[in-house]
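Enquirer: Below is the file entry.tsv, which contains TSV, C-alpha atoms.
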```tsv
chain	number	residue	atom	x	y	z
A	1	MET	CA	-81.14	-27.68	14.08
A	2	THR	CA	-81.12	-23.89	14.35
A	3	PHE	CA	-83.67	-21.17	13.71
A	4	THR	CA	-83.28	-18.58	10.96
A	5	LEU	CA	-83.40	-14.88	11.85
A	6	LYS	CA	-87.02	-14.72	10.66
A	7	GLU	CA	-87.93	-17.70	12.86
A	8	LYS	CA	-86.16	-16.17	15.86
A	9	ILE	CA	-88.14	-12.94	15.47
A	10	SER	CA	-91.40	-14.89	15.06
A	11	VAL	CA	-90.75	-17.01	18.17
A	12	THR	CA	-89.92	-13.93	20.24
A	13	VAL	CA	-93.12	-12.23	19.12
A	14	LEU	CA	-95.15	-15.35	19.98
A	15	LEU	CA	-93.58	-15.50	23.46
A	16	PHE	CA	-94.41	-11.82	23.92
A	17	LEU	CA	-98.03	-12.42	22.88
A	18	THR	CA	-98.24	-15.45	25.19
A	19	TYR	CA	-97.49	-13.08	28.06
A	20	LEU	CA	-99.80	-10.29	26.89
A	21	ILE	CA	-102.93	-12.40	26.27
A	22	PRO	CA	-103.51	-13.29	29.96
A	23	ALA	CA	-101.87	-10.11	31.30
A	24	VAL	CA	-103.90	-7.46	29.46
A	25	PRO	CA	-107.31	-8.43	30.94
A	26	ASP	CA	-105.72	-8.35	34.39
A	27	TRP	CA	-104.29	-4.88	33.75
A	28	LEU	CA	-107.68	-3.57	32.64
A	29	ASN	CA	-109.22	-4.59	35.96
A	30	HIS	CA	-106.93	-2.22	37.86
A	31	SER	CA	-106.95	1.53	38.18
A	32	SER	CA	-104.77	3.88	36.18
A	33	ASN	CA	-102.35	4.08	39.13
A	34	TYR	CA	-101.43	0.47	38.37
A	35	PHE	CA	-99.58	1.64	35.22
A	36	GLU	CA	-96.33	2.30	37.09
A	37	ILE	CA	-96.37	-1.23	38.52
A	38	ILE	CA	-97.00	-2.66	35.04
A	39	MET	CA	-93.98	-0.79	33.66
A	40	ILE	CA	-91.81	-2.51	36.27
A	41	SER	CA	-93.48	-5.93	36.27
A	42	ALA	CA	-93.88	-6.54	32.53
A	43	PRO	CA	-90.15	-6.45	31.60
A	44	ILE	CA	-89.34	-8.73	34.56
A	45	TRP	CA	-91.88	-11.36	33.48
A	46	LEU	CA	-90.89	-11.16	29.82
A	47	LEU	CA	-87.13	-11.35	30.30
A	48	CYS	CA	-86.98	-13.71	33.25
A	49	PHE	CA	-89.84	-16.11	32.65
A	50	TYR	CA	-91.05	-16.03	29.04
A	51	ILE	CA	-88.33	-14.93	26.63
A	52	GLY	CA	-85.15	-15.37	28.68
A	53	PRO	CA	-85.39	-19.10	29.65
A	54	PHE	CA	-86.46	-20.06	26.13
A	55	TRP	CA	-83.50	-18.47	24.37
A	56	LEU	CA	-81.08	-19.54	27.11
A	57	HIS	CA	-82.17	-23.14	26.56
A	58	TYR	CA	-81.89	-22.67	22.78
A	59	TRP	CA	-78.33	-21.31	23.20
A	60	LEU	CA	-77.32	-24.21	25.48
A	61	MET	CA	-78.63	-26.76	22.95
A	62	GLN	CA	-76.21	-25.41	20.33
A	63	TYR	CA	-73.44	-27.26	22.17
A	64	SER	CA	-73.17	-30.72	20.65
A	65	PHE	CA	-72.82	-32.61	23.96
A	66	LEU	CA	-76.05	-31.05	25.27
A	67	ASN	CA	-77.90	-31.44	21.99
A	68	LYS	CA	-77.22	-35.19	22.07
A	69	LEU	CA	-79.13	-35.57	25.34
A	70	HIS	CA	-82.40	-37.49	25.35
A	71	VAL	CA	-85.44	-35.33	24.64
A	72	VAL	CA	-86.82	-35.96	28.16
A	73	ILE	CA	-83.58	-34.65	29.70
A	74	LYS	CA	-83.77	-31.60	27.43
A	75	GLY	CA	-87.32	-31.03	28.66
A	76	ILE	CA	-86.22	-31.25	32.28
A	77	VAL	CA	-83.46	-28.72	31.59
A	78	PHE	CA	-86.01	-26.38	30.03
A	79	VAL	CA	-88.45	-26.68	32.95
A	80	THR	CA	-85.57	-26.12	35.38
A	81	LEU	CA	-84.63	-22.91	33.57
A	82	MET	CA	-88.27	-21.81	33.73
A	83	PHE	CA	-88.30	-22.49	37.49
A	84	LEU	CA	-85.08	-20.50	37.98
A	85	GLY	CA	-86.71	-17.73	35.96
A	86	ALA	CA	-89.78	-17.84	38.20
A	87	MET	CA	-87.58	-17.57	41.28
A	88	LEU	CA	-85.84	-14.57	39.75
A	89	VAL	CA	-89.22	-12.99	38.96
A	90	ASN	CA	-90.19	-13.39	42.61
A	91	GLU	CA	-86.98	-11.84	43.96
A	92	LEU	CA	-87.03	-8.88	41.59
A	93	HIS	CA	-90.67	-8.14	42.36
A	94	LEU	CA	-89.99	-8.25	46.12
A	95	LEU	CA	-87.30	-5.60	45.59
A	96	ALA	CA	-89.88	-3.40	43.87
A	97	SER	CA	-92.79	-4.17	46.19
A	98	PRO	CA	-92.71	-6.07	49.50
A	99	TYR	CA	-96.41	-6.90	49.06
A	100	PHE	CA	-95.83	-9.04	45.94
A	101	ARG	CA	-96.73	-12.69	46.48
A	102	PHE	CA	-95.50	-15.49	44.18
A	103	SER	CA	-95.28	-18.55	46.41
A	104	LEU	CA	-92.93	-21.48	45.83
A	105	ALA	CA	-95.86	-23.71	44.87
A	106	GLU	CA	-96.96	-21.17	42.23
A	107	GLN	CA	-93.41	-20.94	40.94
A	108	VAL	CA	-93.16	-24.71	40.53
A	109	THR	CA	-96.63	-24.99	38.94
A	110	SER	CA	-95.99	-22.13	36.50
A	111	ALA	CA	-92.58	-23.50	35.55
A	112	VAL	CA	-93.93	-27.01	34.88
A	113	LEU	CA	-97.06	-25.94	32.98
A	114	TRP	CA	-95.49	-23.25	30.83
A	115	GLY	CA	-92.21	-25.13	30.49
A	116	VAL	CA	-93.87	-28.29	29.20
A	117	PHE	CA	-96.07	-26.24	26.87
A	118	PHE	CA	-93.24	-24.18	25.36
A	119	PHE	CA	-90.91	-27.16	25.08
A	120	SER	CA	-93.57	-29.38	23.46
A	121	MET	CA	-94.48	-26.73	20.90
A	122	THR	CA	-90.82	-26.19	20.08
A	123	GLN	CA	-90.19	-29.92	19.63
A	124	LEU	CA	-93.23	-30.25	17.37
A	125	TYR	CA	-92.00	-27.38	15.21
A	126	MET	CA	-88.47	-28.80	15.05
A	127	MET	CA	-89.94	-32.17	14.06
A	128	TYR	CA	-91.89	-30.46	11.29
A	129	LEU	CA	-88.72	-28.77	10.03
A	130	ARG	CA	-86.84	-32.08	10.01
A	131	LEU	CA	-89.65	-33.84	8.13
A	132	ALA	CA	-89.84	-31.00	5.59
A	133	GLN	CA	-86.08	-31.10	5.07
A	134	GLU	CA	-86.09	-34.89	4.68
A	135	ARG	CA	-88.91	-34.62	2.16
A	136	ARG	CA	-86.99	-32.03	0.12
A	137	LEU	CA	-83.88	-34.23	0.16
A	138	ARG	CA	-85.87	-37.29	-0.94
A	139	GLU	CA	-87.44	-35.32	-3.79
A	140	GLN	CA	-84.02	-34.03	-4.89
A	141	VAL	CA	-82.57	-37.54	-4.85
A	142	GLN	CA	-85.59	-38.87	-6.74
A	143	TRP	CA	-85.34	-36.02	-9.24
A	144	ILE	CA	-81.66	-36.71	-9.93
A	145	ASN	CA	-82.35	-40.44	-10.19
A	146	LEU	CA	-85.12	-39.85	-12.74
A	147	ASN	CA	-82.86	-37.56	-14.76
A	148	ASN	CA	-80.08	-40.11	-14.74
A	149	ARG	CA	-82.49	-42.75	-16.05
A	150	LEU	CA	-83.61	-40.42	-18.82
A	151	ASN	CA	-80.27	-39.21	-20.15
A	152	PRO	CA	-78.79	-42.58	-21.31
A	153	HIS	CA	-81.88	-43.22	-23.42
A	154	PHE	CA	-81.47	-39.91	-25.21
A	155	LEU	CA	-77.70	-40.38	-25.50
A	156	PHE	CA	-78.11	-43.75	-27.23
A	157	ASN	CA	-80.40	-42.27	-29.92
A	158	ALA	CA	-78.20	-39.21	-30.47
A	159	LEU	CA	-75.02	-41.26	-30.86
A	160	ASN	CA	-76.76	-43.38	-33.49
A	161	THR	CA	-77.56	-40.19	-35.39
A	162	ILE	CA	-73.94	-39.01	-35.25
A	163	SER	CA	-72.69	-42.45	-36.29
A	164	ALA	CA	-74.91	-42.39	-39.37
A	165	LEU	CA	-73.80	-38.87	-40.32
A	166	MET	CA	-70.07	-39.62	-40.10
A	167	TYR	CA	-70.28	-41.61	-43.33
A	168	GLN	CA	-72.07	-38.79	-45.13
A	169	SER	CA	-70.49	-35.54	-43.91
A	170	THR	CA	-67.88	-35.16	-41.19
A	171	GLU	CA	-68.67	-31.44	-40.91
A	172	GLN	CA	-72.33	-32.17	-40.30
A	173	ALA	CA	-71.42	-34.91	-37.82
A	174	ASP	CA	-69.16	-32.46	-35.97
A	175	GLU	CA	-71.95	-29.88	-35.83
A	176	VAL	CA	-74.39	-32.43	-34.45
A	177	LEU	CA	-71.79	-33.57	-31.92
A	178	HIS	CA	-71.48	-29.99	-30.63
A	179	LYS	CA	-75.26	-29.76	-30.34
A	180	LEU	CA	-75.25	-33.03	-28.41
A	181	SER	CA	-72.62	-31.66	-26.01
A	182	ASP	CA	-74.83	-28.59	-25.42
A	183	ILE	CA	-77.80	-30.78	-24.53
A	184	LEU	CA	-75.79	-33.06	-22.25
A	185	ARG	CA	-74.25	-30.08	-20.47
A	186	TYR	CA	-77.74	-28.66	-20.02
A	187	SER	CA	-79.15	-31.92	-18.67
A	188	LEU	CA	-76.29	-32.38	-16.20
A	189	ASP	CA	-76.05	-28.78	-14.98
A	190	LYS	CA	-79.82	-28.25	-14.59
A	191	GLN	CA	-80.88	-31.38	-12.74
A	192	THR	CA	-82.46	-29.77	-9.68
A	193	GLU	CA	-83.08	-26.14	-10.61
A	194	GLN	CA	-85.78	-24.68	-12.81
A	195	VAL	CA	-85.07	-22.88	-16.07
A	196	ARG	CA	-86.78	-20.29	-18.19
A	197	PHE	CA	-89.28	-21.87	-20.54
A	198	ASP	CA	-87.90	-20.07	-23.59
A	199	TYR	CA	-84.50	-21.61	-22.79
A	200	GLU	CA	-86.15	-25.03	-22.51
A	201	LEU	CA	-87.70	-24.50	-25.94
A	202	ALA	CA	-84.29	-23.57	-27.33
A	203	ILE	CA	-82.85	-26.86	-26.05
A	204	CYS	CA	-85.72	-28.74	-27.68
A	205	LYS	CA	-84.90	-27.03	-30.97
A	206	THR	CA	-81.27	-28.07	-30.55
A	207	TYR	CA	-82.38	-31.65	-30.00
A	208	LEU	CA	-84.65	-31.51	-33.05
A	209	ALA	CA	-81.76	-30.16	-35.13
A	210	ILE	CA	-79.93	-33.41	-34.33
A	211	GLU	CA	-82.92	-35.49	-35.38
A	212	LYS	CA	-83.50	-33.34	-38.46
A	213	ALA	CA	-79.94	-34.10	-39.56
A	214	ARG	CA	-80.81	-37.78	-39.41
A	215	PHE	CA	-84.30	-37.79	-40.93
A	216	THR	CA	-83.84	-34.81	-43.31
A	217	ASP	CA	-87.12	-34.29	-45.20
A	218	ASN	CA	-88.75	-37.16	-43.36
A	219	LEU	CA	-89.15	-34.99	-40.27
A	220	GLU	CA	-91.44	-31.94	-40.24
A	221	ILE	CA	-91.70	-29.75	-37.12
A	222	THR	CA	-94.43	-27.18	-36.42
A	223	TRP	CA	-94.15	-24.78	-33.47
A	224	LEU	CA	-97.24	-23.05	-32.08
A	225	TYR	CA	-96.49	-20.61	-29.27
A	226	ASN	CA	-96.03	-16.93	-28.46
A	227	GLU	CA	-92.51	-16.53	-27.05
A	228	ALA	CA	-93.33	-13.23	-25.32
A	229	GLN	CA	-95.88	-15.10	-23.19
A	230	PHE	CA	-93.20	-17.22	-21.49
A	231	SER	CA	-90.46	-14.72	-20.63
A	232	ALA	CA	-91.04	-14.99	-16.86
A	233	ILE	CA	-92.12	-18.64	-16.60
A	234	LYS	CA	-89.74	-21.25	-15.25
A	235	VAL	CA	-90.11	-25.01	-15.69
A	236	PRO	CA	-88.28	-28.21	-14.77
A	237	PRO	CA	-85.41	-28.89	-17.20
A	238	LEU	CA	-86.00	-31.36	-20.04
A	239	LEU	CA	-89.74	-30.93	-19.76
A	240	LEU	CA	-90.66	-31.52	-23.41
A	241	GLN	CA	-87.60	-33.26	-24.89
A	242	PRO	CA	-88.54	-36.80	-23.76
A	243	LEU	CA	-92.05	-36.34	-25.18
A	244	ILE	CA	-90.67	-35.22	-28.53
A	245	GLU	CA	-88.16	-38.08	-28.49
A	246	ASN	CA	-90.94	-40.58	-27.80
A	247	ALA	CA	-93.01	-39.27	-30.71
A	248	ILE	CA	-90.13	-39.48	-33.17
A	249	LYS	CA	-89.24	-42.96	-31.97
A	250	HIS	CA	-92.72	-44.48	-32.34
A	251	VAL	CA	-94.09	-42.85	-35.48
A	252	LYS	CA	-93.53	-45.35	-38.29
A	253	ILE	CA	-94.96	-43.46	-41.26
A	254	ARG	CA	-92.99	-40.92	-43.29
A	255	PRO	CA	-92.74	-38.04	-43.14
A	256	ILE	CA	-92.93	-37.78	-39.37
A	257	LYS	CA	-94.97	-34.71	-38.48
A	258	ILE	CA	-94.53	-33.26	-34.98
A	259	THR	CA	-96.54	-30.29	-33.70
A	260	ILE	CA	-95.40	-28.61	-30.47
A	261	SER	CA	-97.70	-26.05	-28.88
A	262	ALA	CA	-97.59	-24.06	-25.65
A	263	GLU	CA	-99.91	-21.51	-24.05
A	264	VAL	CA	-101.00	-20.14	-20.70
A	265	LYS	CA	-104.48	-21.18	-19.59
A	266	GLN	CA	-105.99	-20.19	-16.22
A	267	SER	CA	-102.64	-19.83	-14.43
A	268	ASN	CA	-101.37	-23.09	-15.95
A	269	LEU	CA	-98.70	-23.67	-18.55
A	270	VAL	CA	-100.23	-26.09	-21.06
A	271	CYS	CA	-97.91	-27.77	-23.55
A	272	GLU	CA	-98.79	-30.39	-26.14
A	273	VAL	CA	-96.69	-32.63	-28.36
A	274	ALA	CA	-98.70	-34.18	-31.20
A	275	ASP	CA	-97.65	-36.54	-33.98
A	276	ASN	CA	-99.21	-38.11	-37.05
A	277	GLY	CA	-98.65	-41.72	-36.01
A	278	GLN	CA	-101.10	-44.48	-35.14
A	279	GLY	CA	-101.57	-43.19	-31.59
A	280	PHE	CA	-101.21	-44.87	-28.24
A	281	SER	CA	-102.55	-48.33	-27.58
A	282	GLN	CA	-105.10	-48.84	-24.81
A	283	GLN	CA	-102.40	-50.58	-22.80
A	284	GLN	CA	-100.21	-47.46	-23.01
A	285	LEU	CA	-103.08	-45.15	-22.09
A	286	ALA	CA	-104.33	-47.21	-19.13
A	287	PRO	CA	-101.44	-46.55	-16.70
A	288	MET	CA	-101.69	-42.79	-17.24
A	289	LEU	CA	-105.48	-42.84	-16.73
A	290	SER	CA	-105.33	-44.91	-13.56
A	291	ASP	CA	-105.19	-43.44	-10.06
A	292	LYS	CA	-102.14	-45.58	-9.32
A	293	PRO	CA	-99.94	-45.59	-12.44
A	294	GLU	CA	-98.03	-48.75	-13.13
A	295	THR	CA	-94.67	-47.34	-14.08
A	296	HIS	CA	-92.49	-49.32	-16.44
A	297	GLN	CA	-88.76	-49.43	-15.79
A	298	GLY	CA	-86.99	-47.10	-18.19
A	299	HIS	CA	-90.14	-45.96	-20.02
A	300	GLY	CA	-89.53	-42.34	-21.02
A	301	LEU	CA	-93.15	-41.18	-20.65
A	302	ASP	CA	-93.53	-42.75	-17.20
A	303	ILE	CA	-90.31	-41.08	-16.07
A	304	ALA	CA	-91.52	-37.73	-17.44
A	305	ALA	CA	-94.83	-38.18	-15.57
A	306	GLN	CA	-92.97	-38.87	-12.32
A	307	ARG	CA	-90.77	-35.79	-12.76
A	308	LEU	CA	-93.83	-33.62	-13.36
A	309	SER	CA	-95.63	-35.00	-10.31
A	310	LEU	CA	-92.76	-33.82	-8.10
A	311	VAL	CA	-93.55	-30.20	-9.00
A	312	GLY	CA	-97.35	-30.47	-8.99
A	313	GLY	CA	-97.77	-31.01	-12.73
A	314	SER	CA	-99.42	-33.76	-14.76
A	315	LEU	CA	-98.95	-35.62	-18.03
A	316	THR	CA	-101.98	-36.78	-20.02
A	317	LEU	CA	-101.87	-39.12	-23.02
A	318	PHE	CA	-104.67	-39.30	-25.57
A	319	ASN	CA	-105.28	-39.97	-29.25
A	320	ARG	CA	-106.56	-37.45	-31.79
A	321	GLU	CA	-105.27	-37.72	-35.35
A	322	GLY	CA	-102.24	-39.42	-33.87
A	323	ALA	CA	-100.73	-39.53	-30.41
A	324	ARG	CA	-100.80	-36.49	-28.16
A	325	CYS	CA	-98.98	-35.78	-24.90
A	326	GLN	CA	-100.33	-32.88	-22.86
A	327	VAL	CA	-98.40	-31.31	-20.00
A	328	ILE	CA	-100.22	-29.14	-17.45
A	329	LEU	CA	-98.00	-27.30	-14.99
A	330	PRO	CA	-99.26	-24.69	-12.48
A	331	ILE	CA	-97.31	-21.49	-13.07
A	332	LYS	CA	-97.16	-20.79	-9.32
A	333	ALA	CA	-95.29	-24.10	-8.85
A	334	CYS	CA	-92.60	-22.82	-11.21
A	335	GLU	CA	-91.89	-19.57	-9.36
```
Please render this file's structure as structure tokens.
Expert:
Amino acid sequence: MTFTLKEKISVTVLLFLTYLIPAVPDWLNHSSNYFEIIMISAPIWLLCFYIGPFWLHYWLMQYSFLNKLHVVIKGIVFVTLMFLGAMLVNELHLLASPYFRFSLAEQVTSAVLWGVFFFSMTQLYMMYLRLAQERRLREQVQWINLNNRLNPHFLFNALNTISALMYQSTEQADEVLHKLSDILRYSLDKQTEQVRFDYELAICKTYLAIEKARFTDNLEITWLYNEAQFSAIKVPPLLLQPLIENAIKHVKIRPIKITISAEVKQSNLVCEVADNGQGFSQQQLAPMLSDKPETHQGHGLDIAAQRLSLVGGSLTLFNREGARCQVILPIKACE
């Protein structure tokens, strides 16, 4: 694993500060005439003992055969480089001043103590980077898996709609088929990236156009939102579509009345999908209210809740004049 340019600069600065913190108090204890010695000594210590051995070891570890060595061997190599650096510090200082004393015992002690410290801190940071990368990969895989579980459910319902329309109007069926292709392309292309919320709303309207073609006057949609409020907000793709699909699927009375609202509250995007059905049963509400949700295989709302949890959001189910699904998503998590 390699460092980025920003990380390389940060590490170099930290190594520089590691030298300055103990050195500055020592400099202050000497007279102003000591300044010339500092100007000679400081670069030697920095390049030969602090910065030089670290980046030399980093460069050597870029070779695959060295990088495959056991971590203990890598540590020994690092300490050895620190010791060679200490020897070089001693020789260069003797050239500048014959009175400089940096005994062999001090060289060994400094190399071991600082070498083990620097190497341990580096390994801990590299371990953190690996864990963070593995976590991101797991979340991406989980995200794709959840999307793939969601899409077939929607596809089944949409194809039923098109099948019913083919016997009534081929032109209307063709139009709905094109809308379906737009939604499928959207769901496949946008599996891991976030999208503008106004674009997400447009996809929901495309989906509802398909359902409207099937239910005609038996489906009434009300939108409550200010589009200008969401121009800069990004959200996970297919955020609301599964909630709307669930409402249409479970409302048994006619006409089906769906109200979709969205607003910004206290740095959160709050969306709500409400219907005029009988509401959720206590069994359906219980998993969402529990600290450890019992997810049901293939259940659209559970899958939506899992997708939201990956980006710091939440899904709440409750009953009020029908069933209501409320999504709360921190805006900062969408940036």
Enquirer: Quick one: pull the distance between atom CA of A:Ala304 and atom CA of A:Asn157, Å, one decimal.
Expert: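 Rounded to one decimal, the two atoms are 17.3 Å apart.
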Enquirer: Provide the atom CA of A:Leu14 to atom CA of A:Arg130 distance in Å, to one decimal place.
Expert: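 Computed distance, atom CA of A:Leu14 to atom CA of A:Arg130, equals 21.2 Å.
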Enquirer: Near stretch 181-184 of chain A, within 9 Å and counting all atoms listed in the file, which residues show up once chain neighbours fewer than 6 positions away are dropped, as a PyMOL selection string?
Expert: chain A and resi 151+155+203-204+206-207
Enquirer: Using all atoms listed in the file, which of the listed residues (A:Met166, A:Leu15, A:Leu269, A:Ser41) sits closest to A:Trp27?
Expert: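 Of the candidates, the smallest distance to A:Trp27 is held by A:Ser41.
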Enquirer: If I take atom CA of A:Val13 and atom CA of A:Ile38, how far is one from the other in Å, to one decimal?
Expert: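 According to the coordinates, atom CA of A:Val13 and atom CA of A:Ile38 are separated by 19.0 Å.
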Enquirer: Point out the residue among A:Phe16, A:Phe65, A:Tyr58, A:Trp114 with the least atom-to-atom distance to A:Ala42, counting all atoms listed in the file.
Expert: A:Phe16
Enquirer: List the neighbours of A:Asn276 out to 9 Å using only C-alpha atoms; skip same-chain residues closer than 3 positions along the sequence, and give me the result as a list of chain:residue names.
Expert: A:Ala247, A:Val251, A:Ile253, A:Pro255, A:Ile256, A:Lys257, A:Ile258, A:Thr259, A:Gly279, A:Glu321, A:Gly322, A:Ala323
Enquirer: List as a list in words the protein and nucleic acid residues near A:Asn160, meaning an atom at most 12 Å away when only C-alpha atoms are counted, but skip any in the same chain fewer than 3 places from it.
Expert: His153, Phe154, Leu155, Phe156, Asn157, Ser163, Ala164, Leu165, Met166, Tyr167, Ala173, Val176, Leu177, Leu180, Ile210, Glu211, Ala213, Arg214 and Phe215 of chain A
Enquirer: Those residues with C-alpha atoms, as a PDB file, in the frame of the given file please?
Expert:
```pdb
ATOM      1  CA  HIS A 153     -81.880 -43.220 -23.420  1.00  0.00           C
ATOM      2  CA  PHE A 154     -81.470 -39.910 -25.210  1.00  0.00           C
ATOM      3  CA  LEU A 155     -77.700 -40.380 -25.500  1.00  0.00           C
ATOM      4  CA  PHE A 156     -78.110 -43.750 -27.230  1.00  0.00           C
ATOM      5  CA  ASN A 157     -80.400 -42.270 -29.920  1.00  0.00           C
ATOM      6  CA  SER A 163     -72.690 -42.450 -36.290  1.00  0.00           C
ATOM      7  CA  ALA A 164     -74.910 -42.390 -39.370  1.00  0.00           C
ATOM      8  CA  LEU A 165     -73.800 -38.870 -40.320  1.00  0.00           C
ATOM      9  CA  MET A 166     -70.070 -39.620 -40.100  1.00  0.00           C
ATOM     10  CA  TYR A 167     -70.280 -41.610 -43.330  1.00  0.00           C
ATOM     11  CA  ALA A 173     -71.420 -34.910 -37.820  1.00  0.00           C
ATOM     12  CA  VAL A 176     -74.390 -32.430 -34.450  1.00  0.00           C
ATOM     13  CA  LEU A 177     -71.790 -33.570 -31.920  1.00  0.00           C
ATOM     14  CA  LEU A 180     -75.250 -33.030 -28.410  1.00  0.00           C
ATOM     15  CA  ILE A 210     -79.930 -33.410 -34.330  1.00  0.00           C
ATOM     16  CA  GLU A 211     -82.920 -35.490 -35.380  1.00  0.00           C
ATOM     17  CA  ALA A 213     -79.940 -34.100 -39.560  1.00  0.00           C
ATOM     18  CA  ARG A 214     -80.810 -37.780 -39.410  1.00  0.00           C
ATOM     19  CA  PHE A 215     -84.300 -37.790 -40.930  1.00  0.00           C
TER      20      PHE A 215
END
```
Enquirer: Skip A:Ile37 itself and residues of its chain fewer than 6 positions away, then list as a PyMOL selection string all residues within 12 Å of it, counting all atoms listed in the file.
Expert: chain A and resi 27+30-31+43-44+93+96-97+99-100
Enquirer: Pick out the closest residue to A:Phe119 from this set: A:Ile244, A:Gln266, A:Phe78, A:Tyr19. Count only C-alpha atoms.
Expert: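 Answer, going by the shortest atom-to-atom distance: A:Phe78.
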Enquirer: Take stretch 105-123 of chain A, bring it up to N, CA and C atoms, and give me the output as a compact mmCIF listing (two decimals), in the frame of the given file.
Expert:
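Generated file (selection38.txt):
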```
# COMPACT_ATOMS: atom_id res chain seq x y z
N ALA A 105 -94.96 -22.78 45.57
CA ALA A 105 -95.86 -23.71 44.87
C ALA A 105 -96.29 -23.13 43.52
N GLU A 106 -96.59 -21.82 43.50
CA GLU A 106 -96.96 -21.17 42.23
C GLU A 106 -95.79 -21.13 41.27
N GLN A 107 -94.60 -20.94 41.80
CA GLN A 107 -93.41 -20.94 40.94
C GLN A 107 -93.21 -22.29 40.27
N VAL A 108 -93.33 -23.35 41.07
CA VAL A 108 -93.16 -24.71 40.53
C VAL A 108 -94.25 -25.01 39.51
N THR A 109 -95.51 -24.70 39.85
CA THR A 109 -96.63 -24.99 38.94
C THR A 109 -96.49 -24.24 37.63
N SER A 110 -96.15 -22.94 37.72
CA SER A 110 -95.99 -22.13 36.50
C SER A 110 -94.85 -22.65 35.64
N ALA A 111 -93.74 -23.01 36.29
CA ALA A 111 -92.58 -23.50 35.55
C ALA A 111 -92.91 -24.80 34.82
N VAL A 112 -93.60 -25.71 35.49
CA VAL A 112 -93.93 -27.01 34.88
C VAL A 112 -94.93 -26.83 33.74
N LEU A 113 -96.03 -26.09 34.01
CA LEU A 113 -97.06 -25.94 32.98
C LEU A 113 -96.55 -25.20 31.75
N TRP A 114 -95.97 -24.03 31.97
CA TRP A 114 -95.49 -23.25 30.83
C TRP A 114 -94.26 -23.89 30.20
N GLY A 115 -93.41 -24.48 31.03
CA GLY A 115 -92.21 -25.13 30.49
C GLY A 115 -92.54 -26.29 29.58
N VAL A 116 -93.47 -27.15 30.03
CA VAL A 116 -93.87 -28.29 29.20
C VAL A 116 -94.55 -27.81 27.92
N PHE A 117 -95.37 -26.77 28.05
CA PHE A 117 -96.07 -26.24 26.87
C PHE A 117 -95.09 -25.68 25.85
N PHE A 118 -94.20 -24.79 26.28
CA PHE A 118 -93.24 -24.18 25.36
C PHE A 118 -92.32 -25.24 24.74
N PHE A 119 -91.84 -26.15 25.57
CA PHE A 119 -90.91 -27.16 25.08
C PHE A 119 -91.60 -28.09 24.08
N SER A 120 -92.83 -28.49 24.36
CA SER A 120 -93.57 -29.38 23.46
C SER A 120 -93.82 -28.71 22.12
N MET A 121 -94.24 -27.44 22.15
CA MET A 121 -94.48 -26.73 20.90
C MET A 121 -93.20 -26.58 20.09
N THR A 122 -92.10 -26.33 20.78
CA THR A 122 -90.82 -26.19 20.08
C THR A 122 -90.40 -27.51 19.43
N GLN A 123 -90.56 -28.62 20.17
CA GLN A 123 -90.19 -29.92 19.63
C GLN A 123 -91.06 -30.30 18.44
```
